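Here is the file coords-v5.cif (mmCIF, C-alpha atoms and all ligand atoms; chains and numbers go by the auth columns).
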data_query
loop_
_atom_site.group_PDB
_atom_site.id
_atom_site.type_symbol
_atom_site.label_atom_id
_atom_site.label_comp_id
_atom_site.label_asym_id
_atom_site.label_seq_id
_atom_site.Cartn_x
_atom_site.Cartn_y
_atom_site.Cartn_z
_atom_site.B_iso_or_equiv
_atom_site.auth_seq_id
_atom_site.auth_asym_id
ATOM 1 C CA MET A 1 0.611 23.388 -11.940 0.00 24 A
ATOM 2 C CA ILE A 2 3.203 20.613 -11.754 0.00 25 A
ATOM 3 C CA ARG A 3 2.896 17.723 -9.316 0.00 26 A
ATOM 4 C CA GLU A 4 5.712 15.267 -8.708 0.00 27 A
ATOM 5 C CA MET A 5 5.155 11.782 -7.318 0.00 28 A
ATOM 6 C CA ILE A 6 6.645 8.323 -7.180 0.00 29 A
ATOM 7 C CA CYS A 7 4.737 5.612 -9.008 0.00 30 A
ATOM 8 C CA VAL A 8 4.065 2.704 -6.631 0.00 31 A
ATOM 9 C CA SER A 9 2.498 0.425 -9.225 0.00 32 A
ATOM 10 C CA CYS A 10 5.640 -1.720 -9.373 0.00 33 A
ATOM 11 C CA PRO A 11 8.968 -1.959 -7.495 0.00 34 A
ATOM 12 C CA ILE A 12 10.847 0.230 -10.006 0.00 35 A
ATOM 13 C CA GLY A 13 9.277 3.372 -8.509 0.00 36 A
ATOM 14 C CA CYS A 14 9.570 5.827 -11.395 0.00 37 A
ATOM 15 C CA ALA A 15 9.555 9.549 -10.573 0.00 38 A
ATOM 16 C CA LEU A 16 6.493 10.981 -12.301 0.00 39 A
ATOM 17 C CA ARG A 17 5.831 14.570 -13.276 0.00 40 A
ATOM 18 C CA VAL A 18 2.199 15.506 -13.796 0.00 41 A
ATOM 19 C CA GLU A 19 1.032 18.719 -15.416 0.00 42 A
ATOM 20 C CA LEU A 20 -2.438 19.889 -14.288 0.00 43 A
ATOM 21 C CA ASP A 21 -4.611 22.790 -15.371 0.00 44 A
ATOM 22 C CA ASP A 22 -6.279 25.150 -12.879 0.00 45 A
ATOM 23 C CA SER A 23 -9.321 22.878 -12.556 0.00 46 A
ATOM 24 C CA GLY A 24 -7.141 19.875 -11.654 0.00 47 A
ATOM 25 C CA LYS A 25 -7.447 18.191 -15.048 0.00 48 A
ATOM 26 C CA VAL A 26 -4.359 16.178 -15.996 0.00 49 A
ATOM 27 C CA LEU A 27 -2.715 17.624 -19.113 0.00 50 A
ATOM 28 C CA SER A 28 0.324 15.377 -19.330 0.00 51 A
ATOM 29 C CA VAL A 29 2.304 12.732 -17.467 0.00 52 A
ATOM 30 C CA SER A 30 6.011 12.143 -17.933 0.00 53 A
ATOM 31 C CA GLY A 31 8.665 9.981 -16.297 0.00 54 A
ATOM 32 C CA ASN A 32 6.644 6.779 -16.533 0.00 55 A
ATOM 33 C CA THR A 33 8.282 3.757 -18.118 0.00 56 A
ATOM 34 C CA ARG A 34 4.981 2.008 -18.793 0.00 57 A
ATOM 35 C CA LYS A 35 1.365 2.974 -19.472 0.00 58 A
ATOM 36 C CA ARG A 36 0.513 1.739 -15.959 0.00 59 A
ATOM 37 C CA GLY A 37 2.410 4.682 -14.522 0.00 60 A
ATOM 38 C CA GLU A 38 0.290 7.155 -16.478 0.00 61 A
ATOM 39 C CA LYS A 39 -2.903 5.564 -15.126 0.00 62 A
ATOM 40 C CA TYR A 40 -1.475 5.663 -11.590 0.00 63 A
ATOM 41 C CA ALA A 41 -0.661 9.378 -11.932 0.00 64 A
ATOM 42 C CA ILE A 42 -4.102 10.252 -13.326 0.00 65 A
ATOM 43 C CA ASP A 43 -5.904 8.229 -10.625 0.00 66 A
ATOM 44 C CA GLU A 44 -3.701 9.730 -7.910 0.00 67 A
ATOM 45 C CA CYS A 45 -4.536 13.266 -9.072 0.00 68 A
ATOM 46 C CA THR A 46 -8.262 12.738 -9.732 0.00 69 A
ATOM 47 C CA ASN A 47 -9.448 9.967 -7.369 0.00 70 A
ATOM 48 C CA PRO A 48 -6.707 8.759 -5.004 0.00 71 A
ATOM 49 C CA VAL A 49 -7.510 5.460 -3.273 0.00 72 A
ATOM 50 C CA ARG A 50 -5.793 3.382 -0.594 0.00 73 A
ATOM 51 C CA MET A 51 -6.169 0.023 1.076 0.00 74 A
ATOM 52 C CA LEU A 52 -7.075 0.474 4.751 0.00 75 A
ATOM 53 C CA THR A 53 -5.724 -1.890 7.410 0.00 76 A
ATOM 54 C CA SER A 54 -6.656 -1.821 11.071 0.00 77 A
ATOM 55 C CA THR A 55 -8.091 -4.024 13.835 0.00 78 A
ATOM 56 C CA VAL A 56 -11.619 -4.707 15.110 0.00 79 A
ATOM 57 C CA LYS A 57 -12.452 -5.446 18.757 0.00 80 A
ATOM 58 C CA VAL A 58 -13.436 -9.045 19.530 0.00 81 A
ATOM 59 C CA ASN A 59 -15.624 -10.324 22.387 0.00 82 A
ATOM 60 C CA GLY A 60 -14.805 -13.702 23.903 0.00 83 A
ATOM 61 C CA GLY A 61 -11.771 -14.520 21.779 0.00 84 A
ATOM 62 C CA SER A 62 -8.194 -15.632 22.508 0.00 85 A
ATOM 63 C CA LEU A 63 -7.109 -12.106 21.467 0.00 86 A
ATOM 64 C CA PRO A 64 -8.861 -8.761 22.113 0.00 87 A
ATOM 65 C CA VAL A 65 -8.760 -7.684 18.438 0.00 88 A
ATOM 66 C CA VAL A 66 -8.626 -9.195 14.963 0.00 89 A
ATOM 67 C CA PRO A 67 -6.600 -7.626 12.111 0.00 90 A
ATOM 68 C CA VAL A 68 -8.709 -6.433 9.180 0.00 91 A
ATOM 69 C CA LYS A 69 -8.365 -4.772 5.786 0.00 92 A
ATOM 70 C CA THR A 70 -10.643 -3.384 3.131 0.00 93 A
ATOM 71 C CA SER A 71 -11.564 -5.800 0.351 0.00 94 A
ATOM 72 C CA LYS A 72 -10.408 -3.194 -2.191 0.00 95 A
ATOM 73 C CA PRO A 73 -8.871 0.286 -2.152 0.00 96 A
ATOM 74 C CA ILE A 74 -11.185 3.050 -0.894 0.00 97 A
ATOM 75 C CA PRO A 75 -11.157 6.813 -1.595 0.00 98 A
ATOM 76 C CA LYS A 76 -8.595 8.645 0.551 0.00 99 A
ATOM 77 C CA GLY A 77 -11.309 11.127 1.548 0.00 100 A
ATOM 78 C CA LYS A 78 -13.283 8.314 3.217 0.00 101 A
ATOM 79 C CA MET A 79 -10.404 7.035 5.392 0.00 102 A
ATOM 80 C CA PHE A 80 -11.362 8.806 8.652 0.00 103 A
ATOM 81 C CA GLU A 81 -15.046 7.909 8.281 0.00 104 A
ATOM 82 C CA CYS A 82 -14.151 4.259 7.679 0.00 105 A
ATOM 83 C CA MET A 83 -11.714 4.232 10.609 0.00 106 A
ATOM 84 C CA ALA A 84 -14.499 5.545 12.858 0.00 107 A
ATOM 85 C CA ALA A 85 -16.807 2.738 11.667 0.00 108 A
ATOM 86 C CA ILE A 86 -14.062 0.163 12.329 0.00 109 A
ATOM 87 C CA ASN A 87 -13.340 1.608 15.772 0.00 110 A
ATOM 88 C CA ASN A 88 -17.045 1.402 16.691 0.00 111 A
ATOM 89 C CA GLU A 89 -17.373 -2.225 15.588 0.00 112 A
ATOM 90 C CA VAL A 90 -17.240 -5.099 18.108 0.00 113 A
ATOM 91 C CA VAL A 91 -17.605 -8.696 16.878 0.00 114 A
ATOM 92 C CA ASP A 92 -18.039 -12.002 18.705 0.00 115 A
ATOM 93 C CA ALA A 93 -15.506 -14.821 18.438 0.00 116 A
ATOM 94 C CA PRO A 94 -14.889 -17.062 16.647 0.00 117 A
ATOM 95 C CA ILE A 95 -13.705 -15.070 13.644 0.00 118 A
ATOM 96 C CA LYS A 96 -12.371 -16.904 10.610 0.00 119 A
ATOM 97 C CA LEU A 97 -9.875 -15.616 8.041 0.00 120 A
ATOM 98 C CA GLY A 98 -11.842 -13.851 5.308 0.00 121 A
ATOM 99 C CA ASP A 99 -14.973 -13.222 7.379 0.00 122 A
ATOM 100 C CA VAL A 100 -16.736 -9.988 6.340 0.00 123 A
ATOM 101 C CA LEU A 101 -17.049 -7.958 9.540 0.00 124 A
ATOM 102 C CA ILE A 102 -18.524 -4.787 7.981 0.00 125 A
ATOM 103 C CA SER A 103 -20.257 -4.925 4.621 0.00 126 A
ATOM 104 C CA ASN A 104 -20.015 -1.925 2.237 0.00 127 A
ATOM 105 C CA VAL A 105 -18.238 0.200 4.837 0.00 128 A
ATOM 106 C CA CYS A 106 -19.405 3.838 4.615 0.00 129 A
ATOM 107 C CA ASP A 107 -20.940 3.198 1.162 0.00 130 A
ATOM 108 C CA THR A 108 -17.507 2.691 -0.409 0.00 131 A
ATOM 109 C CA GLY A 109 -18.445 -0.648 -1.968 0.00 132 A
ATOM 110 C CA ALA A 110 -15.639 -2.258 0.029 0.00 133 A
ATOM 111 C CA ASP A 111 -16.046 -4.734 2.876 0.00 134 A
ATOM 112 C CA ILE A 112 -13.984 -4.904 6.054 0.00 135 A
ATOM 113 C CA VAL A 113 -12.506 -8.404 6.015 0.00 136 A
ATOM 114 C CA ALA A 114 -10.669 -10.360 8.752 0.00 137 A
ATOM 115 C CA THR A 115 -7.062 -11.127 7.805 0.00 138 A
ATOM 116 C CA ASN A 116 -6.554 -13.669 10.606 0.00 139 A
ATOM 117 C CA GLU A 117 -8.608 -15.832 12.896 0.00 140 A
ATOM 118 C CA VAL A 118 -9.442 -15.272 16.559 0.00 141 A
HETATM 119 S S1 LIG B . 5.777 3.922 -14.327 0.00 201 B
HETATM 120 FE FE1 LIG B . 5.656 1.746 -14.858 0.00 201 B
HETATM 121 S S2 LIG B . 7.744 0.990 -14.572 0.00 201 B
HETATM 122 FE FE2 LIG B . 7.611 2.932 -13.490 0.00 201 B
HETATM 123 S S3 LIG B . 7.040 2.385 -11.355 0.00 201 B
HETATM 124 FE FE3 LIG B . 5.117 2.812 -12.457 0.00 201 B
HETATM 125 S S4 LIG B . 4.444 0.820 -13.216 0.00 201 B
HETATM 126 FE FE4 LIG B . 6.603 0.611 -12.641 0.00 201 B
#

Written as structure tokens, how would this file's structure read?
Amino acid sequence: MIREMICVSCPIGCALRVELDDSGKVLSVSGNTRKRGEKYAIDECTNPVRMLTSTVKVNGGSLPVVPVKTSKPIPKGKMFECMAAINNEVVDAPIKLGDVLISNVCDTGADIVATNEV
């Protein structure tokens, strides 16, 4: 099977072509200008991860929510579970930039961190 994708590891955005066997194992990667593109393609085919950004509800603050993000990329398959955890969370003001609002969200090893203050 052939999978085509755009490498997002740098602004050049090379068009990658990935050859996979029937079990999903990567056989070859082409189109990448650097080694980084090959790693991106393999990760994207075997364990795709994304940063998650959202907001958490705040009690008693100047704003009703605080923007948050994961401290590192999390598996794509955990996105909905993590969004549910974020949506269920309510924190009390004051919130400072960088505060950890949820530790090890859904056992991903990532924290949910405030990206502003309220
Ligand atoms: S393959 Fe290399 S040069 Fe091309 S977008 Fe990815 S990181 Fe950038």

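Checking A:Ser32, A:Thr93, A:Asn70, A:Ser77 one by one against Thr56 of chain A, counting only C-alpha atoms, you find the shortest gap at A:Ser32.
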
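Applied to this file, the PyMOL selection byres (((not hetatm)) within 10 of (chain B and resi 201)) selects Ile29, Cys30, Val31, Ser32, Cys33, Pro34, Ile35, Gly36, Cys37, Ala38, Leu39, Val52, Ser53, Gly54, Asn55, Thr56, Arg57, Lys58, Arg59, Gly60, Glu61, Lys62, Tyr63 and Ala64 of chain A.
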
message: Could you tell me how far atom CA of Ser94 of chain A sits from atom CA of Arg26 of chain A, in Å to one decimal place?
response: 29.3 Å

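The residues returned by the PyMOL selection byres (((chain A and resi 97) around 6) and not hetatm) on the shown structure are Val72, Arg73, Pro96 and Pro98 of chain A.
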
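Among the candidate residues A:Cys105, A:Met28, A:Val141, A:Cys68, the one lying nearest to Asp44 of chain A is A:Cys68, with distances computed using all atoms listed in the file.
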
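Using all atoms listed in the file, the smallest distance between any of A:Glu27, A:Asp122, A:Glu140, A:Asp115 and Arg40 of chain A comes from A:Glu27.
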
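Closest approach to Asp130 of chain A among A:Val91, A:Met74, A:Met24, A:Ala108: A:Ala108, based on all atoms listed in the file.
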
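The shortest atom-to-atom distance to Ala116 of chain A, with all atoms listed in the file taken into account, belongs to A:Val81 out of A:Leu86, A:Cys129, A:Val81, A:Ala137.
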
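In this model, the gap between atom CA of Val49 of chain A and atom CA of Glu104 of chain A comes to 27.8 Å.
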
- prompt: From the set A:Leu43, A:Val123, A:Val128, A:Val114, which residue has the shortest atom-to-atom contact distance to Gly83 of chain A, counting only C-alpha atoms?
  reply: A:Val114

Given the PyMOL selection byres (((chain A and resi 124) around 6) and not hetatm) and the file above, list the residues it selects as a PDB file with C-alpha atoms, in the coordinates of the input.
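What landed in part-v1.pdb:
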ATOM      1  CA  VAL A 123     -16.736  -9.988   6.340  1.00  0.00           C
ATOM      2  CA  ILE A 125     -18.524  -4.787   7.981  1.00  0.00           C
ATOM      3  CA  ILE A 135     -13.984  -4.904   6.054  1.00  0.00           C
ATOM      4  CA  VAL A 136     -12.506  -8.404   6.015  1.00  0.00           C
TER       5      VAL A 136
END

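Separating atom CA of Lys99 of chain A from atom CA of Ile65 of chain A is a distance of 14.7 Å.
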
Just need the box for segment 53-68 of chain A, edges along x, y and z, holding every atom the file lists for it with 5 Å tacked onto each side, so centre and edge lengths in Å to one decimal, as lines of an AutoDock Vina configuration file.
center_x = 1.4
center_y = 7.5
center_z = -13.7
size_x = 24.6
size_y = 21.5
size_z = 21.6
